[in-house]
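K.L.:
Just so it is clear, I am handing over target_7.pdb, which has PDB, C-alpha atoms.
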```pdb
ATOM      1  CA  MET P 299      91.255 -31.073   1.775
ATOM      2  CA  ASN P 300      89.841 -31.747  -1.700
ATOM      3  CA  LYS P 301      88.234 -34.952  -0.434
ATOM      4  CA  LEU P 302      86.574 -33.031   2.394
ATOM      5  CA  LEU P 303      85.174 -30.435  -0.015
ATOM      6  CA  LEU P 304      83.946 -33.163  -2.369
ATOM      7  CA  SER P 305      82.112 -35.041   0.425
ATOM      8  CA  THR P 306      80.506 -31.809   1.662
ATOM      9  CA  ALA P 307      79.298 -30.979  -1.859
ATOM     10  CA  LEU P 308      77.864 -34.472  -2.339
ATOM     11  CA  PHE P 309      76.082 -34.238   1.026
ATOM     12  CA  LEU P 310      74.490 -30.894   0.096
ATOM     13  CA  LEU P 311      73.409 -32.230  -3.300
ATOM     14  CA  ALA P 312      71.761 -35.178  -1.594
ATOM     15  CA  LEU P 313      69.725 -32.774   0.597
ATOM     16  CA  LEU P 314      68.690 -30.543  -2.329
ATOM     17  CA  PRO P 315      65.544 -32.454  -3.466
ATOM     18  CA  PHE P 316      64.200 -32.413   0.096
ATOM     19  CA  SER P 317      64.800 -28.693   0.665
ATOM     20  CA  CYS P 318      63.344 -27.752  -2.738
ATOM     21  CA  GLY P 319      60.343 -29.987  -2.194
ATOM     22  CA  VAL P 320      59.246 -27.773   0.660
ATOM     23  CA  LEU P 321      59.207 -24.741  -1.638
ATOM     24  CA  LEU P 322      57.795 -26.257  -4.826
ATOM     25  CA  GLU P 323      54.027 -26.099  -5.402
ATOM     26  CA  GLU P 324      52.105 -29.162  -6.471
ATOM     27  CA  ASP P 325      51.606 -29.495 -10.224
ATOM     28  CA  LEU P 326      47.848 -29.158 -10.875
ATOM     29  CA  SER P 327      47.930 -29.971 -14.584
ATOM     30  CA  LYS P 328      46.727 -33.558 -14.093
ATOM     31  CA  LEU P 329      43.937 -32.672 -11.655
ATOM     32  CA  LYS P 330      40.347 -31.718 -12.443
ATOM     33  CA  ILE P 331      37.936 -29.796 -10.215
ATOM     34  CA  GLU P 332      34.705 -31.699  -9.545
ATOM     35  CA  LEU P 333      31.560 -29.640 -10.173
ATOM     36  CA  LEU P 334      28.872 -30.446  -7.603
ATOM     37  CA  ALA P 335      25.749 -28.362  -8.213
ATOM     38  CA  PRO P 336      23.624 -27.728 -10.124
ATOM     39  CA  ASN P 337      24.016 -31.085 -11.872
ATOM     40  CA  ASP P 338      25.079 -31.161 -15.527
ATOM     41  CA  GLY P 339      22.026 -30.486 -17.701
ATOM     42  CA  TYR P 340      19.996 -29.108 -14.779
ATOM     43  CA  SER P 341      16.893 -27.111 -15.759
ATOM     44  CA  SER P 342      15.129 -24.625 -13.473
ATOM     45  CA  ASN P 343      12.871 -21.577 -13.575
ATOM     46  CA  GLN P 344      14.814 -20.089 -10.633
ATOM     47  CA  GLU P 345      16.970 -17.255 -11.997
ATOM     48  CA  LEU P 346      19.100 -17.077  -8.841
ATOM     49  CA  GLN P 347      21.521 -20.007  -8.891
ATOM     50  CA  GLU P 348      24.400 -21.073  -6.660
ATOM     51  CA  LEU P 349      27.262 -22.817  -8.477
ATOM     52  CA  VAL P 350      29.231 -25.179  -6.220
ATOM     53  CA  TRP P 351      32.386 -27.208  -6.809
ATOM     54  CA  ALA P 352      34.716 -29.333  -4.712
ATOM     55  CA  ALA P 353      37.407 -27.541  -2.736
ATOM     56  CA  ASP P 354      40.981 -28.819  -2.878
ATOM     57  CA  GLU P 355      43.603 -27.741  -0.348
ATOM     58  CA  VAL P 356      46.384 -27.713  -2.967
ATOM     59  CA  VAL P 357      44.478 -25.056  -4.954
ATOM     60  CA  ASP P 358      44.939 -21.366  -4.082
ATOM     61  CA  SER P 359      41.937 -20.039  -6.031
ATOM     62  CA  PHE P 360      39.449 -20.958  -8.744
ATOM     63  CA  ARG P 361      38.638 -19.420 -12.100
ATOM     64  CA  LEU P 362      34.920 -19.516 -12.806
ATOM     65  CA  GLU P 363      33.562 -18.806 -16.285
ATOM     66  CA  VAL P 364      29.907 -18.688 -17.336
ATOM     67  CA  VAL P 365      28.758 -18.177 -20.935
ATOM     68  CA  GLN P 366      25.418 -18.097 -22.718
ATOM     69  CA  ASP P 367      24.911 -21.036 -25.115
ATOM     70  CA  SER P 368      28.279 -22.873 -25.125
ATOM     71  CA  PHE P 369      32.030 -22.343 -24.932
ATOM     72  CA  SER P 370      32.296 -23.491 -28.530
ATOM     73  CA  ALA P 371      29.678 -20.935 -29.695
ATOM     74  CA  ILE P 372      29.540 -18.124 -27.130
ATOM     75  CA  SER P 373      26.593 -15.728 -27.396
ATOM     76  CA  ALA P 374      27.637 -13.709 -24.356
ATOM     77  CA  TYR P 375      30.269 -13.883 -21.630
ATOM     78  CA  ILE P 376      28.317 -13.738 -18.362
ATOM     79  CA  LEU P 377      31.172 -14.132 -15.882
ATOM     80  CA  ASP P 378      34.932 -14.606 -15.854
ATOM     81  CA  SER P 379      36.197 -14.224 -12.314
ATOM     82  CA  THR P 380      38.734 -15.512  -9.801
ATOM     83  CA  ILE P 381      37.005 -16.979  -6.730
ATOM     84  CA  LEU P 382      38.695 -17.798  -3.422
ATOM     85  CA  GLY P 383      35.910 -20.061  -2.128
ATOM     86  CA  ASN P 384      34.189 -23.025  -3.722
ATOM     87  CA  SER P 385      30.813 -21.470  -4.604
ATOM     88  CA  HIS P 386      29.330 -18.416  -6.299
ATOM     89  CA  ARG P 387      25.795 -17.022  -6.562
ATOM     90  CA  LEU P 388      24.512 -15.235  -9.641
ATOM     91  CA  THR P 389      21.234 -14.387 -11.371
ATOM     92  CA  LEU P 390      20.687 -15.657 -14.927
ATOM     93  CA  SER P 391      17.920 -14.661 -17.351
ATOM     94  CA  PRO P 392      16.069 -17.501 -19.156
ATOM     95  CA  GLY P 393      18.348 -19.297 -21.623
ATOM     96  CA  HIS P 394      20.977 -22.006 -22.003
ATOM     97  CA  TYR P 395      24.346 -21.643 -20.250
ATOM     98  CA  GLN P 396      27.590 -23.493 -19.755
ATOM     99  CA  TRP P 397      29.850 -22.992 -16.742
ATOM    100  CA  ARG P 398      33.297 -24.277 -15.961
ATOM    101  CA  VAL P 399      35.874 -24.092 -13.181
ATOM    102  CA  ARG P 400      39.618 -24.611 -12.996
ATOM    103  CA  GLY P 401      41.865 -24.628  -9.926
ATOM    104  CA  ILE P 402      44.905 -22.353  -9.839
ATOM    105  CA  ASN P 403      48.074 -22.000  -7.824
ATOM    106  CA  GLY P 404      51.133 -19.832  -8.449
ATOM    107  CA  SER P 405      52.666 -22.077 -11.105
ATOM    108  CA  SER P 406      49.976 -24.305 -12.639
ATOM    109  CA  SER P 407      46.248 -24.932 -13.094
ATOM    110  CA  THR P 408      43.861 -27.864 -13.432
ATOM    111  CA  ASP P 409      41.879 -28.839 -16.493
ATOM    112  CA  TYR P 410      38.382 -27.391 -16.841
ATOM    113  CA  GLU P 411      35.211 -29.324 -16.067
ATOM    114  CA  ILE P 412      32.149 -28.059 -18.020
ATOM    115  CA  PHE P 413      28.483 -28.322 -17.003
ATOM    116  CA  ASN P 414      25.300 -27.272 -18.817
ATOM    117  CA  LEU P 415      22.511 -25.261 -17.176
ATOM    118  CA  ARG P 416      19.143 -24.091 -18.503
ATOM    119  CA  ILE P 417      16.977 -21.367 -16.981
ATOM    120  CA  GLU P 418      13.358 -21.713 -18.084
ATOM    121  CA  THR P 419      10.984 -18.784 -18.577
ATOM    122  CA  ASP P 420       8.759 -18.300 -15.548
ATOM    123  CA  SER P 421       5.260 -16.847 -15.439
ATOM    124  CA  SER P 422       5.400 -15.289 -11.983
ATOM    125  CA  LEU P 423       7.813 -13.254  -9.876
ATOM    126  CA  SER P 424       6.535 -14.986  -6.753
ATOM    127  CA  HIS P 425       8.819 -17.978  -7.460
ATOM    128  CA  GLN P 426      11.975 -15.853  -7.692
ATOM    129  CA  SER P 427      14.560 -14.698  -5.143
ATOM    130  CA  LEU P 428      16.748 -11.617  -5.147
ATOM    131  CA  TYR P 429      20.515 -11.508  -4.741
ATOM    132  CA  LEU P 430      21.683  -8.437  -2.819
ATOM    133  CA  ILE P 431      25.251  -7.400  -3.699
ATOM    134  CA  GLN P 432      26.008  -4.311  -1.627
ATOM    135  CA  PRO P 433      26.189  -3.054   0.989
ATOM    136  CA  ALA P 434      27.209  -6.507   2.196
ATOM    137  CA  ASP P 435      25.904  -7.745   5.525
ATOM    138  CA  LEU P 436      27.733  -6.132   8.479
ATOM    139  CA  ALA P 437      29.601  -3.715   6.185
ATOM    140  CA  ASN P 438      31.018  -0.617   7.870
ATOM    141  CA  PHE P 439      31.305   2.770   6.152
ATOM    142  CA  SER P 440      32.798   6.130   7.030
ATOM    143  CA  THR P 441      30.808   7.980   4.360
ATOM    144  CA  ASP P 442      27.210   9.135   4.322
ATOM    145  CA  SER P 443      26.704   8.181   0.639
ATOM    146  CA  ILE P 444      25.762   4.538   0.103
ATOM    147  CA  LEU P 445      25.355   2.641  -3.179
ATOM    148  CA  PHE P 446      22.741  -0.127  -3.011
ATOM    149  CA  LEU P 447      23.268  -2.777  -5.692
ATOM    150  CA  TRP P 448      21.493  -6.029  -6.546
ATOM    151  CA  GLU P 449      21.079  -8.437  -9.476
ATOM    152  CA  GLY P 450      17.971  -7.771 -11.549
ATOM    153  CA  LEU P 451      15.250 -10.271 -12.458
ATOM    154  CA  SER P 452      13.947 -10.626 -16.011
ATOM    155  CA  LEU P 453      10.258 -10.196 -15.069
ATOM    156  CA  ALA P 454      10.776  -7.267 -12.703
ATOM    157  CA  GLN P 455       9.441  -3.848 -13.732
ATOM    158  CA  SER P 456      10.645  -2.115 -10.575
ATOM    159  CA  TYR P 457      12.118  -2.754  -7.127
ATOM    160  CA  ARG P 458      11.052  -1.532  -3.710
ATOM    161  CA  LEU P 459      13.955  -0.642  -1.425
ATOM    162  CA  GLN P 460      13.461  -0.181   2.307
ATOM    163  CA  VAL P 461      16.058   1.077   4.793
ATOM    164  CA  ALA P 462      15.243   1.283   8.512
ATOM    165  CA  SER P 463      16.968   1.830  11.843
ATOM    166  CA  HIS P 464      15.512  -1.467  13.172
ATOM    167  CA  PRO P 465      15.099  -4.888  11.463
ATOM    168  CA  SER P 466      11.364  -4.852  12.190
ATOM    169  CA  PHE P 467      10.962  -2.142   9.494
ATOM    170  CA  ASN P 468       8.310  -0.506  11.631
ATOM    171  CA  SER P 469       6.843   2.484   9.795
ATOM    172  CA  GLN P 470       8.053   4.880  12.509
ATOM    173  CA  LEU P 471      11.610   3.548  12.120
ATOM    174  CA  MET P 472      11.576   3.577   8.308
ATOM    175  CA  LEU P 473      14.140   5.914   6.768
ATOM    176  CA  ILE P 474      13.866   5.034   3.053
ATOM    177  CA  ASP P 475      10.900   3.426   1.258
ATOM    178  CA  GLN P 476      11.576   3.922  -2.431
ATOM    179  CA  GLN P 477      10.361   2.361  -5.697
ATOM    180  CA  ILE P 478      13.194   2.143  -8.244
ATOM    181  CA  SER P 479      13.269   1.102 -11.899
ATOM    182  CA  GLN P 480      17.009   0.272 -12.033
ATOM    183  CA  ASP P 481      18.966  -2.457 -10.220
ATOM    184  CA  TYR P 482      20.875   0.103  -8.128
ATOM    185  CA  TYR P 483      20.205   3.139  -5.967
ATOM    186  CA  LEU P 484      22.616   5.811  -4.712
ATOM    187  CA  LEU P 485      21.592   7.256  -1.373
ATOM    188  CA  GLN P 486      23.430  10.470  -0.552
ATOM    189  CA  GLN P 487      23.806  12.026   2.899
ATOM    190  CA  GLN P 488      20.554  10.976   4.507
ATOM    191  CA  LEU P 489      21.295   8.408   7.218
ATOM    192  CA  GLY P 490      23.967   9.687   9.600
ATOM    193  CA  THR P 491      25.759   7.607  12.235
ATOM    194  CA  GLY P 492      24.415   4.224  13.383
ATOM    195  CA  THR P 493      23.447   0.685  12.320
ATOM    196  CA  PHE P 494      20.852   0.342   9.564
ATOM    197  CA  TYR P 495      18.939  -2.486   7.876
ATOM    198  CA  TRP P 496      17.886  -2.924   4.257
ATOM    199  CA  ARG P 497      15.751  -5.272   2.193
ATOM    200  CA  LEU P 498      14.320  -5.425  -1.310
ATOM    201  CA  ARG P 499      11.499  -6.903  -3.354
ATOM    202  CA  ALA P 500      10.918  -7.052  -7.123
ATOM    203  CA  ILE P 501       7.548  -5.931  -8.501
ATOM    204  CA  ARG P 502       5.388  -6.323 -11.612
ATOM    205  CA  GLN P 503       2.890  -3.523 -11.276
ATOM    206  CA  HIS P 504      -0.655  -4.771 -10.495
ATOM    207  CA  LEU P 505       0.480  -8.387 -11.087
ATOM    208  CA  ASP P 506       2.865  -9.938  -8.594
ATOM    209  CA  SER P 507       6.097  -9.536  -6.647
ATOM    210  CA  THR P 508       8.824 -11.517  -4.952
ATOM    211  CA  ALA P 509       8.852 -11.997  -1.219
ATOM    212  CA  TRP P 510      11.071  -9.598   0.683
ATOM    213  CA  SER P 511      14.731 -10.487   0.383
ATOM    214  CA  ALA P 512      16.853 -11.414   3.373
ATOM    215  CA  THR P 513      17.558  -8.424   5.631
ATOM    216  CA  LEU P 514      21.149  -7.166   5.633
ATOM    217  CA  SER P 515      22.688  -4.656   8.022
ATOM    218  CA  PHE P 516      25.410  -2.056   7.660
ATOM    219  CA  SER P 517      26.936   0.602   9.899
ATOM    220  CA  LEU P 518      27.941   4.202   9.308
ATOM    221  CA  ASN P 519      30.637   5.564  11.575
ATOM    222  CA  ILE P 520      31.112   9.190  10.530
ATOM    223  CA  ALA P 521      33.441  11.108  12.817
ATOM    224  CA  PRO P 522      32.869  14.893  12.981
ATOM    225  CA  GLU P 523      35.389  17.107  11.159
ATOM    226  CA  LEU P 524      36.766  20.027  13.184
ATOM    227  CA  THR P 525      36.818  23.348  11.323
ATOM    228  CA  GLN P 526      37.766  26.209  13.669
ATOM    229  CA  PRO P 527      39.740  27.416  15.487
ATOM    230  CA  SER P 528      42.404  25.602  13.512
ATOM    231  CA  SER P 529      44.823  23.304  15.288
ATOM    232  CA  ALA P 530      47.842  25.025  16.907
ATOM    233  CA  SER P 531      46.149  28.431  16.653
ATOM    234  CA  GLN P 532      46.064  31.113  19.371
ATOM    235  CA  ILE P 533      43.015  32.622  21.100
ATOM    236  CA  ASN P 534      43.611  35.995  22.751
ATOM    237  CA  SER P 535      40.317  36.320  24.589
ATOM    238  CA  LEU P 536      37.150  34.418  25.475
ATOM    239  CA  PRO P 537      34.396  33.736  24.491
ATOM    240  CA  ALA P 538      35.611  31.841  21.424
ATOM    241  CA  ASN P 539      33.546  29.820  18.987
ATOM    242  CA  PHE P 540      34.483  26.200  18.226
ATOM    243  CA  SER P 541      32.824  24.668  15.141
ATOM    244  CA  TRP P 542      32.846  21.397  13.201
ATOM    245  CA  ARG P 543      30.988  19.406  10.512
ATOM    246  CA  SER P 544      28.933  16.320  11.419
ATOM    247  CA  ALA P 545      26.965  13.665   9.574
ATOM    248  CA  SER P 546      23.745  14.869   7.968
ATOM    249  CA  GLN P 547      21.481  13.034  10.455
ATOM    250  CA  HIS P 548      22.267  12.662  14.161
ATOM    251  CA  GLN P 549      20.767  13.430  17.560
ATOM    252  CA  ARG P 550      23.498  15.695  18.913
ATOM    253  CA  ASP P 551      27.240  16.189  19.247
ATOM    254  CA  SER P 552      29.410  16.037  22.348
ATOM    255  CA  ILE P 553      32.424  18.353  22.630
ATOM    256  CA  TYR P 554      35.321  17.551  24.979
ATOM    257  CA  PHE P 555      37.855  20.081  26.332
ATOM    258  CA  TYR P 556      41.200  19.229  27.968
ATOM    259  CA  TYR P 557      43.754  21.453  29.691
ATOM    260  CA  GLU P 558      47.546  20.928  29.387
ATOM    261  CA  ASN P 559      47.146  17.159  28.825
ATOM    262  CA  GLU P 560      45.023  14.789  26.801
ATOM    263  CA  SER P 561      43.989  12.376  29.538
ATOM    264  CA  ASN P 562      40.914  13.752  31.350
ATOM    265  CA  PRO P 563      38.467  16.327  29.970
ATOM    266  CA  PHE P 564      37.629  19.189  32.308
ATOM    267  CA  LEU P 565      34.515  20.104  30.297
ATOM    268  CA  ILE P 566      32.017  18.011  28.290
ATOM    269  CA  ARG P 567      29.049  19.662  26.631
ATOM    270  CA  ALA P 568      26.248  18.413  24.380
ATOM    271  CA  SER P 569      25.333  20.555  21.397
ATOM    272  CA  GLN P 570      22.398  20.367  19.003
ATOM    273  CA  THR P 571      24.296  22.557  16.534
ATOM    274  CA  ALA P 572      27.768  22.138  15.048
ATOM    275  CA  ASN P 573      29.329  24.874  17.161
ATOM    276  CA  PHE P 574      29.991  25.778  20.783
ATOM    277  CA  ASN P 575      30.988  29.027  22.531
ATOM    278  CA  LEU P 576      33.705  28.504  25.123
ATOM    279  CA  LEU P 577      33.214  31.127  27.850
ATOM    280  CA  ALA P 578      35.706  32.567  30.334
ATOM    281  CA  ASN P 579      33.681  30.966  33.162
ATOM    282  CA  ASP P 580      34.297  27.542  31.556
ATOM    283  CA  THR P 581      38.067  27.894  32.146
ATOM    284  CA  ILE P 582      38.037  29.198  35.744
ATOM    285  CA  GLY P 583      40.944  27.647  37.603
ATOM    286  CA  LYS P 584      42.797  26.917  34.387
ATOM    287  CA  GLY P 585      43.946  30.247  32.967
ATOM    288  CA  SER P 586      46.308  30.633  30.034
ATOM    289  CA  GLY P 587      47.852  27.573  28.469
ATOM    290  CA  ASN P 588      47.412  24.735  26.005
ATOM    291  CA  TYR P 589      43.869  23.492  25.525
ATOM    292  CA  TYR P 590      42.767  20.462  23.496
ATOM    293  CA  TRP P 591      39.351  19.655  22.041
ATOM    294  CA  LYS P 592      37.529  16.944  20.082
ATOM    295  CA  VAL P 593      33.961  16.034  19.144
ATOM    296  CA  ARG P 594      31.921  12.880  18.674
ATOM    297  CA  ALA P 595      28.373  12.458  17.345
ATOM    298  CA  VAL P 596      25.422  10.554  18.786
ATOM    299  CA  GLY P 597      23.509   8.825  15.966
ATOM    300  CA  VAL P 598      19.758   8.668  15.388
ATOM    301  CA  ASN P 599      19.562   5.334  17.208
ATOM    302  CA  GLY P 600      21.870   6.369  20.070
ATOM    303  CA  GLN P 601      25.096   4.913  18.681
ATOM    304  CA  LEU P 602      28.296   6.900  19.146
ATOM    305  CA  SER P 603      30.567   7.847  16.262
ATOM    306  CA  SER P 604      34.353   7.738  16.417
ATOM    307  CA  TYR P 605      36.035  10.793  17.887
ATOM    308  CA  SER P 606      37.252  13.539  15.631
ATOM    309  CA  PRO P 607      41.020  14.166  15.645
ATOM    310  CA  LEU P 608      42.220  15.999  18.769
ATOM    311  CA  TRP P 609      43.141  19.645  18.057
ATOM    312  CA  GLN P 610      45.217  21.969  20.247
ATOM    313  CA  VAL P 611      44.786  25.716  20.789
ATOM    314  CA  MET P 612      46.718  28.210  22.917
ATOM    315  CA  ILE P 613      44.488  30.437  25.049
ATOM    316  CA  ASN P 614      46.276  33.571  26.328
TER
END
```
Before anything else, please render the file you have as structure tokens.

P.N.:
Amino acid sequence: MNKLLLSTALFLLALLPFSCGVLLEEDLSKLKIELLAPNDGYSSNQELQELVWAADEVVDSFRLEVVQDSFSAISAYILDSTILGNSHRLTLSPGHYQWRVRGINGSSSTDYEIFNLRIETDSSLSHQSLYLIQPADLANFSTDSILFLWEGLSLAQSYRLQVASHPSFNSQLMLIDQQISQDYYLLQQQLGTGTFYWRLRAIRQHLDSTAWSATLSFSLNIAPELTQPSSASQINSLPANFSWRSASQHQRDSIYFYYENESNPFLIRASQTANFNLLANDTIGKGSGNYYWKVRAVGVNGQLSSYSPLWQVMIN
């Protein structure tokens, strides 16, 4: 019996390196991430730069650091971030910079590789490009307040932000055309439900400007909020007023009524205001019982919002 136990133990020990090898991560300490672009010592008057390095499948993520001057004599820390991909865009004012990248997994990291980069002073905005941060392209929001954010340019005195309901930015479809001194703009409750497009340009008054940036799109899907009568309430007689809150800008709302089940509405009405009077004639053939209702909005460009929650009322 002892011999059998001993041979079993020896067999399991022999398998141990193979089973552990599946679970152990590769040691990255002897690897180095190859920086690809811009080349070491690269000089440019383009403030918007894309830093690119080689991807490695044994690396989970990368730590990217950018400093002004050098890592041995740092004037300012520009960036210290964990990146999942193998590139990053950023805007740098004129000056000398160093950037470095290391690969990381759960238990180890590579050595750093360091490159030098110089951004030269430019004489014109027309050579520059803008980096739009948010809202990101194809972003979807359920709020009517949107923060627009971009990276500023050293020569820019102001920025012109345009938001439209069509990518042509036709004047009749323009919703926002605003000149802004900061590198951000908070737009509160002005768009409503739908898909919208935005672009930006930097300006030096009476001198020059950048070209328009790339056009990005985003969607607002703002479901109406039911207000009264409250869910599970009782209505003793008709007419009764049903009300809700919708997005600030929309074409109309549609209200749906159901009787005793939630499958097929017996009444659908469009409303230009955020309320509807349910009349006794609307419920002929139904009588007393459980009624359900919900609302959805039609946006300025015809897009439909999500439905509100379904509320139930008892009509006696």

K.L.:
Would you compute the distance between CA of Gln547 (chain P) and CA of Ile520 (chain P)? Give it in Å to one decimal.

P.N.:
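Here the two named atoms are 10.4 Å from each other.
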
K.L.:
Using the chain letters and numbering of this document, enumerate as a compact mmCIF listing (two decimals) with C-alpha atoms, in the coordinates of the input the residues selected by the PyMOL selection byres ((chain P and resi 330) around 6).

P.N.:
```txt
# COMPACT_ATOMS: atom_id res chain seq x y z
CA LEU P 329 43.94 -32.67 -11.66
CA ILE P 331 37.94 -29.80 -10.22
CA THR P 408 43.86 -27.86 -13.43
CA ASP P 409 41.88 -28.84 -16.49
```

K.L.:
Given all atoms listed in the file as the basis, pick out the residue of P:Leu423, P:Val593, P:Ala545, P:Val350 nearest to Asp506 (chain P).

P.N.:
P:Leu423

K.L.:
So, with all atoms listed in the file as the atoms that count, which of P:Asn573, P:Ser440, P:Asn414, P:Ser385 lies closest to Ser517 (chain P)?

P.N.:
P:Ser440

K.L.:
List as a PyMOL selection string the residues having at least one atom at most 9 Å from position (47.1, -17.8, -5.0) as given in the file, counting all atoms listed in the file.

P.N.:
chain P and resi 357-359+382+402-404

K.L.:
Would you write out, as number ranges by chain, every residue that the PyMOL selection byres ((chain P and resi 362) around 10) captures in this file?

P.N.:
P: 349, 359-361, 363-364, 377-381, 384-386, 397-401, 410
